[in-house]
Each structure stands twice: as C-alpha cells, then as structure tokens.
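Peer 1: Below: one structure in structure tokens.
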Amino acid sequence: MISYEIGHPSSALLHLIRSGLDLNTPKKLRFTPVFVYLEDQYHLTVNERQTAINKIIKETNSYNFDIKIVSFCDWVLTKEINLFQNTTFNIGDNDGDRLISCIKEKTPKTNRNEIFNILRRNALCHIAKKLDCKFIFTPEISIDIASNLLKNIALGKGAHVSVDTGFCDDRDDSISILRPLRMFDMKELAFYNVLHSLDPVTVRQPIVNNYSSVQELMKKFVTDLQEGYPATINTIIKIGDKLVTDKTTLRKCKLCEAVIPEPTGDLNSEESTKFSKLVSNRLPDHNLMAQTRYAEAYEEFSAKQDVPSDYCYSCSKISEYILSDDDVE
Ligand SMILES: [Zn+2]
C-alpha cells in the first residue's frame with residue numbers, strides 16, 4: 001500500500017513505481033501497489049478539497065493505478081474504514097471541527113499535532129490490514145525525517161527514534177511502514193518531476209506560525225541550519241540511524257505501539273527526574289549519614305512508583321487530552 005500525500009514527493013514516487021513495474025530487467029518491481037489518500041486537508045474549503053481529490057484521481061489514473069480515498073476524520077470518530085474509489089467521496093464542511101472535537105478544547109498545539117500524527121499512522125496501519133497489505137510506503141523526505149528526529153527527542157520520545165525515523169517502522173506485528181524517499185530532499189524530487197514533465201497536485205498551504213508548536217519550530221530550525229550548512233540534514237539522519245531500540249521488551253504503548261522499556265535496576269531519565277523532584281522536596285535529616293539519607297529517599301521513591309502505565313512516557317503526557325478512550329488504538 002502506498003500512502004499518497006499532496007506534493008512533489010508523492011508524484012515522484014508514483015512515477016518511480018510505474019517505471020519500476022514497467023522494467024524488463026531483473027530489477028523489475030514485483031508487487032501490486034494499492035494507493036491510498038487519507039483526506040485531511042481541513043484548512044481548505046469544500047470546493048478546494050473536492051478539486052484536489054479530482055486531480056489526485058486523475059493523476060493516479062494516468063499511471064493506470066487506482067486510488068482509494070479515506071476520510072481521516074470519519075476514521076478517528078467511528079473507527080470504520082470506508083474506501084472510496086471515485087469522486088463520490090463525501091466531504092463534510094465541518095470535518096475539521098468534528099476532528100478537533102475528539103480532543104480537549106485547550107490542548108496545546110504541539111500535543112494536538114502529536115495526537116493526530118499518531119492517529120494518522122494508526123489509520124494507515126488499519127487501512128493496510130483491511131486491504132490485506134503487509135507493507136506501507138510513505139512519502140517522507142529527508143527534512144521530515146531530520147525534524148521528526150529532533151522533535152522526538154524534545155518530546156521525550158528518544159526511544160522511538162529508530163522506528164519513527166528509520167527506513168522501516170516495524171512496531172506493528174503484521175505491518176511494516178517503509179520510507180523509500182527518506183534520503184531525498186525536496187529540490188531533488190522537484191527536479192525529478194520537472195525532468196519527467198510531471199505536474200504534481202498542489203493546494204493552498206495553511207499559514208503556520210513557526211513558533212506555535214515544537215514540530216513547526218524544529219522544521220524551521222532544521223531548514224535554517226540546512227541553508228547555512230548543507231550537510232545538516234544528512235548528519236542528523238545518519239546519527240539517527242545509529243540509534244536502536246531494545247526490542248526484547250514485550251509491553252507496547254496503547255497509543256503509538258512503541259515498546260515501553262522494562263524497569264531495570266538503574267533509574268532511566270524519566271525516573272531520575274522524578275527522583276530528583278522527590279529529593280528536592282524533602283527536608284533532609286542532617287543527623288543521618290549521606291548514604292542513609294539516600295537509602296531512605298530511594299525507599300520512599302520506590303514505594304511511590306506507580307503501577308506500570310499502558311502508555312509510553314511521551315504518550316502518557318498527551319493521552320490526557322484525548323476525550324474518549326476508544327479513540328486510542
Ligand atoms: Zn506511546
């Protein structure tokens with residue numbers, strides 16, 4: 001299954017796959033692609049969204065591929081997957097508001113973006129299962145990977161870096177998400193499209209304030225750095241490739257499916273922060289030896305440890321903004 005997103009990367013991917021399938025050499029691609037467009041352009045008017053869908057259908061059909069359209073909002077609210085194959089796709093003019101209604105009103109933008117990013121990934125996995133696909137291709141390019149990596153670290157998701165930004169995301173037992181364009185940048189793909197006379201679908205972009213969320217800030221940070229130091233993005237991606245997750249643990253986060261580290265004897269960074277908070281709030285008894293004071297503090301800390309959570313550290317922070325537990329999964 002190939003996830004279609006509006007822009008240069010998806011158009012280039014479409015052309016690459018068609019060329020790969022049409023080859024007459026042993027390198028010929030040997031799978032049957034299914035294209036899926038998860039419709040979530042809620043900043044556009046109904047007419048603009050309809051025009052975009054028509055253009056996407058026309059573009060994919062010109063390569064002899066079919067594309068299935070799924071409403072992101074309907075999936076989040078009903079958890080039902082309705083695949084539309086043609087222009088009969090039903091667009092609601094209040095889809096954006098309906099989508100927002102599943103989270104708390106005062107959710108910070110960073111958490112809101114994060115919740116919808118995770119739900120988007122979950123939606124793709126569910127669609128792939130319905131279509132009986134084992135692999136999903138997503139059109140993320142190098143800038144997305146680099147800013148995602150730094151964002152993950154900023155949001156306490158360091159343990160997810162390898163699956164969130166690596167070539168393969170195999171968090172789900174039966175579906176692997178692959179990122180074939182992760183080493184390309186936008187300029188290369190734009191040139192590729194120009195050289196092959198491709199005309200990617202374009203839509204009006206939303207006006208974003210670069211300082212309104214961690215995700216946008218990271219994107220701006222990486223883009224600005226890349227202008228002055230052209231190797232920035234590659235360096236970040238290569239560092240990310242060296243990070244691996246310990247997959248021996250069995251517990252998985254209920255929201256994002258990432259593995260939750262099992263407690264070891266040593267404190268991890270989350271526990272160290274909590275321990276440090278506890279020690280700072282205690283009145284030390286100076287009649288006792290330092291070691292005894294530490295042992296007492298540690299004992300109190302161990303007794304206070306919560307039951308293991310169903311969420312990873314990062315999701316435990318954002319899950320409180322989701323109104324219904326059914327939305328999680
Ligand atoms: Zn999680």
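Please note that chains go A, B, ... in the order of the structure tokens, that every chain numbers its residues from 1, and that ligands are numbered from 1 in the order shown.
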Please provide as number ranges by chain all residues within 10 Å of Ile115 of chain A, with the sequence filter that same-chain residues fewer than 4 positions apart are discarded (counting only C-alpha atoms).

Peer 2: A: 103, 109-111, 119-120, 255-256, 315, 318-319, 321-322, 328

Peer 1: Throw together the list of residues within 12 Å of ligand 1, counting only C-alpha atoms and all ligand atoms, and drop it here as number ranges by chain.

Peer 2: A: 114-115, 117-119, 122, 152, 155-160, 163-164, 171, 251-261, 309-319, 328-329

Peer 1: Keeping only N, CA and C atoms, take the residues you just selected and write them out as a tab-separated table (two decimals), in the first residue's frame.

Peer 2:
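result.tsv, written as the output of this step:
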chain	number	residue	atom	x	y	z
A	114	GLU	N	0.80	16.05	17.71
A	114	GLU	CA	1.35	14.74	18.04
A	114	GLU	C	0.25	13.68	18.05
A	115	ILE	N	-0.90	14.03	18.66
A	115	ILE	CA	-2.02	13.07	18.71
A	115	ILE	C	-2.45	12.72	17.29
A	117	ASN	N	-0.73	13.01	14.51
A	117	ASN	CA	0.31	12.26	13.80
A	117	ASN	C	0.23	10.77	14.14
A	118	ILE	N	0.05	10.49	15.44
A	118	ILE	CA	-0.02	9.08	15.86
A	118	ILE	C	-1.28	8.43	15.29
A	119	LEU	N	-2.42	9.18	15.34
A	119	LEU	CA	-3.66	8.61	14.82
A	119	LEU	C	-3.57	8.37	13.31
A	122	ASN	N	-1.74	5.21	12.85
A	122	ASN	CA	-2.61	4.09	13.19
A	122	ASN	C	-3.66	3.86	12.10
A	152	ASN	N	11.26	14.27	18.28
A	152	ASN	CA	11.08	13.12	19.17
A	152	ASN	C	11.91	13.26	20.43
A	155	LEU	N	10.43	15.84	22.72
A	155	LEU	CA	9.16	15.48	23.37
A	155	LEU	C	9.27	14.22	24.23
A	156	GLY	N	10.49	13.81	24.54
A	156	GLY	CA	10.66	12.65	25.42
A	156	GLY	C	10.41	11.33	24.71
A	157	LYS	N	10.60	11.29	23.38
A	157	LYS	CA	10.38	10.05	22.66
A	157	LYS	C	11.69	9.53	22.08
A	158	GLY	N	12.77	9.73	22.80
A	158	GLY	CA	14.08	9.29	22.31
A	158	GLY	C	14.09	7.82	21.96
A	159	ALA	N	13.32	7.02	22.74
A	159	ALA	CA	13.32	5.58	22.49
A	159	ALA	C	12.62	5.22	21.18
A	160	HIS	N	11.87	6.18	20.59
A	160	HIS	CA	11.12	5.87	19.37
A	160	HIS	C	11.86	6.26	18.11
A	163	VAL	N	12.33	3.72	15.17
A	163	VAL	CA	11.15	3.31	14.38
A	163	VAL	C	10.47	4.51	13.72
A	164	ASP	N	10.53	5.67	14.36
A	164	ASP	CA	9.84	6.84	13.83
A	164	ASP	C	10.59	7.47	12.65
A	171	ARG	N	6.86	-1.46	14.24
A	171	ARG	CA	6.20	-1.53	15.54
A	171	ARG	C	5.02	-2.49	15.53
A	251	ARG	N	6.02	-5.22	26.43
A	251	ARG	CA	4.94	-4.25	26.58
A	251	ARG	C	5.01	-3.19	25.49
A	252	LYS	N	3.83	-2.86	24.94
A	252	LYS	CA	3.78	-1.83	23.90
A	252	LYS	C	2.83	-0.74	24.33
A	253	CYS	N	3.13	0.49	23.88
A	253	CYS	CA	2.27	1.62	24.23
A	253	CYS	C	0.90	1.46	23.54
A	254	LYS	N	-0.16	1.76	24.30
A	254	LYS	CA	-1.52	1.59	23.79
A	254	LYS	C	-1.82	2.56	22.65
A	255	LEU	N	-1.17	3.72	22.67
A	255	LEU	CA	-1.47	4.73	21.66
A	255	LEU	C	-0.55	4.62	20.43
A	256	CYS	N	0.77	4.61	20.66
A	256	CYS	CA	1.67	4.69	19.50
A	256	CYS	C	2.35	3.36	19.17
A	257	GLU	N	2.08	2.34	19.95
A	257	GLU	CA	2.62	0.98	19.70
A	257	GLU	C	4.13	0.85	19.87
A	258	ALA	N	4.80	1.88	20.39
A	258	ALA	CA	6.24	1.76	20.60
A	258	ALA	C	6.48	0.90	21.84
A	259	VAL	N	7.65	0.26	21.90
A	259	VAL	CA	7.91	-0.59	23.06
A	259	VAL	C	8.14	0.29	24.31
A	260	ILE	N	7.68	-0.20	25.44
A	260	ILE	CA	7.88	0.53	26.69
A	260	ILE	C	9.04	-0.15	27.42
A	261	PRO	N	10.09	0.58	27.74
A	261	PRO	CA	11.23	-0.06	28.39
A	261	PRO	C	10.85	-0.67	29.73
A	309	SER	N	2.36	1.87	33.43
A	309	SER	CA	1.34	2.52	32.62
A	309	SER	C	1.17	1.81	31.29
A	310	ASP	N	-0.03	2.01	30.69
A	310	ASP	CA	-0.28	1.42	29.36
A	310	ASP	C	0.38	2.25	28.27
A	311	TYR	N	0.85	3.45	28.67
A	311	TYR	CA	1.42	4.35	27.68
A	311	TYR	C	2.91	4.50	27.85
A	312	CYS	N	3.59	4.87	26.75
A	312	CYS	CA	5.00	5.20	26.87
A	312	CYS	C	5.09	6.58	27.54
A	313	TYR	N	6.29	7.02	27.87
A	313	TYR	CA	6.43	8.27	28.61
A	313	TYR	C	5.76	9.43	27.88
A	314	SER	N	6.04	9.56	26.58
A	314	SER	CA	5.53	10.69	25.82
A	314	SER	C	4.00	10.63	25.69
A	315	CYS	N	3.47	9.45	25.39
A	315	CYS	CA	2.01	9.34	25.22
A	315	CYS	C	1.28	9.53	26.55
A	316	SER	N	1.95	9.19	27.68
A	316	SER	CA	1.28	9.40	28.97
A	316	SER	C	1.03	10.89	29.17
A	317	LYS	N	1.86	11.73	28.54
A	317	LYS	CA	1.69	13.18	28.67
A	317	LYS	C	0.59	13.70	27.74
A	318	ILE	N	0.42	13.07	26.58
A	318	ILE	CA	-0.58	13.60	25.64
A	318	ILE	C	-1.93	12.90	25.75
A	319	SER	N	-1.94	11.67	26.33
A	319	SER	CA	-3.20	10.92	26.32
A	319	SER	C	-4.28	11.60	27.14
A	328	VAL	N	-8.21	5.84	21.24
A	328	VAL	CA	-6.87	5.29	21.33
A	328	VAL	C	-6.93	3.90	20.74
A	329	GLU	N	-6.02	3.51	19.93
A	329	GLU	CA	-5.91	2.18	19.31
A	329	GLU	C	-5.69	2.33	17.86

Peer 1: Quick one, how far is atom CA of Arg98 of chain A from atom CA of Val76 of chain A?

Peer 2: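 Atom CA of Val76 of chain A lies at a distance of 9.6 Å from atom CA of Arg98 of chain A.
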
Peer 1: Ranking A:Leu250, A:Thr292, A:Val214, A:Ser147 by minimum distance to Thr235 of chain A and counting only C-alpha atoms, which one comes first?

Peer 2: A:Ser147

Peer 1: So that I can check the secondary structure, give me every residue of segment 150-188 of chain A assigned strand (DSSP E) by backbone DSSP, as a list in words.

Peer 2: Cys168, Asp169, Ser176, Ile177 and Leu178 of chain A

Peer 1: With a distance cut-off of 8 Å and only C-alpha atoms, select the neighbouring residues of His15 of chain A, excluding the residue or stretch itself and same-chain residues fewer than 4 positions from it, and output the selection as a list in words.

Peer 2: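 Non-adjacent residues within range: Ser11, Ser19 and Tyr63 of chain A.
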
Peer 1: Residues as selected, C-alpha atoms, written as a tab-separated table (two decimals), in the first residue's frame, can you do that?

Peer 2:
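Listing of result-v9.tsv after writing:
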chain	number	residue	atom	x	y	z
A	11	SER	CA	4.18	12.46	-7.59
A	19	SER	CA	8.80	2.92	-14.07
A	63	TYR	CA	-0.42	5.79	-14.45

Peer 1: From the DSSP assignment of the backbone, select every residue of segment 15-56 of chain A that is helix (DSSP H, G or I), and format the answer as a count of residues only.

Peer 2: 19

Peer 1: Would you pick out the contacts of Lys219 of chain A at 12 Å or less, using only C-alpha atoms, so that residues sharing its chain but fewer than 2 positions from it are not included, and give the list as number ranges by chain?

Peer 2: A: 142-151, 208-217, 221-226, 233

Peer 1: Between atom CA of Glu105 of chain A and atom CA of Ala123 of chain A, measure the distance and give it in Å to one decimal.

Peer 2: 22.6 Å
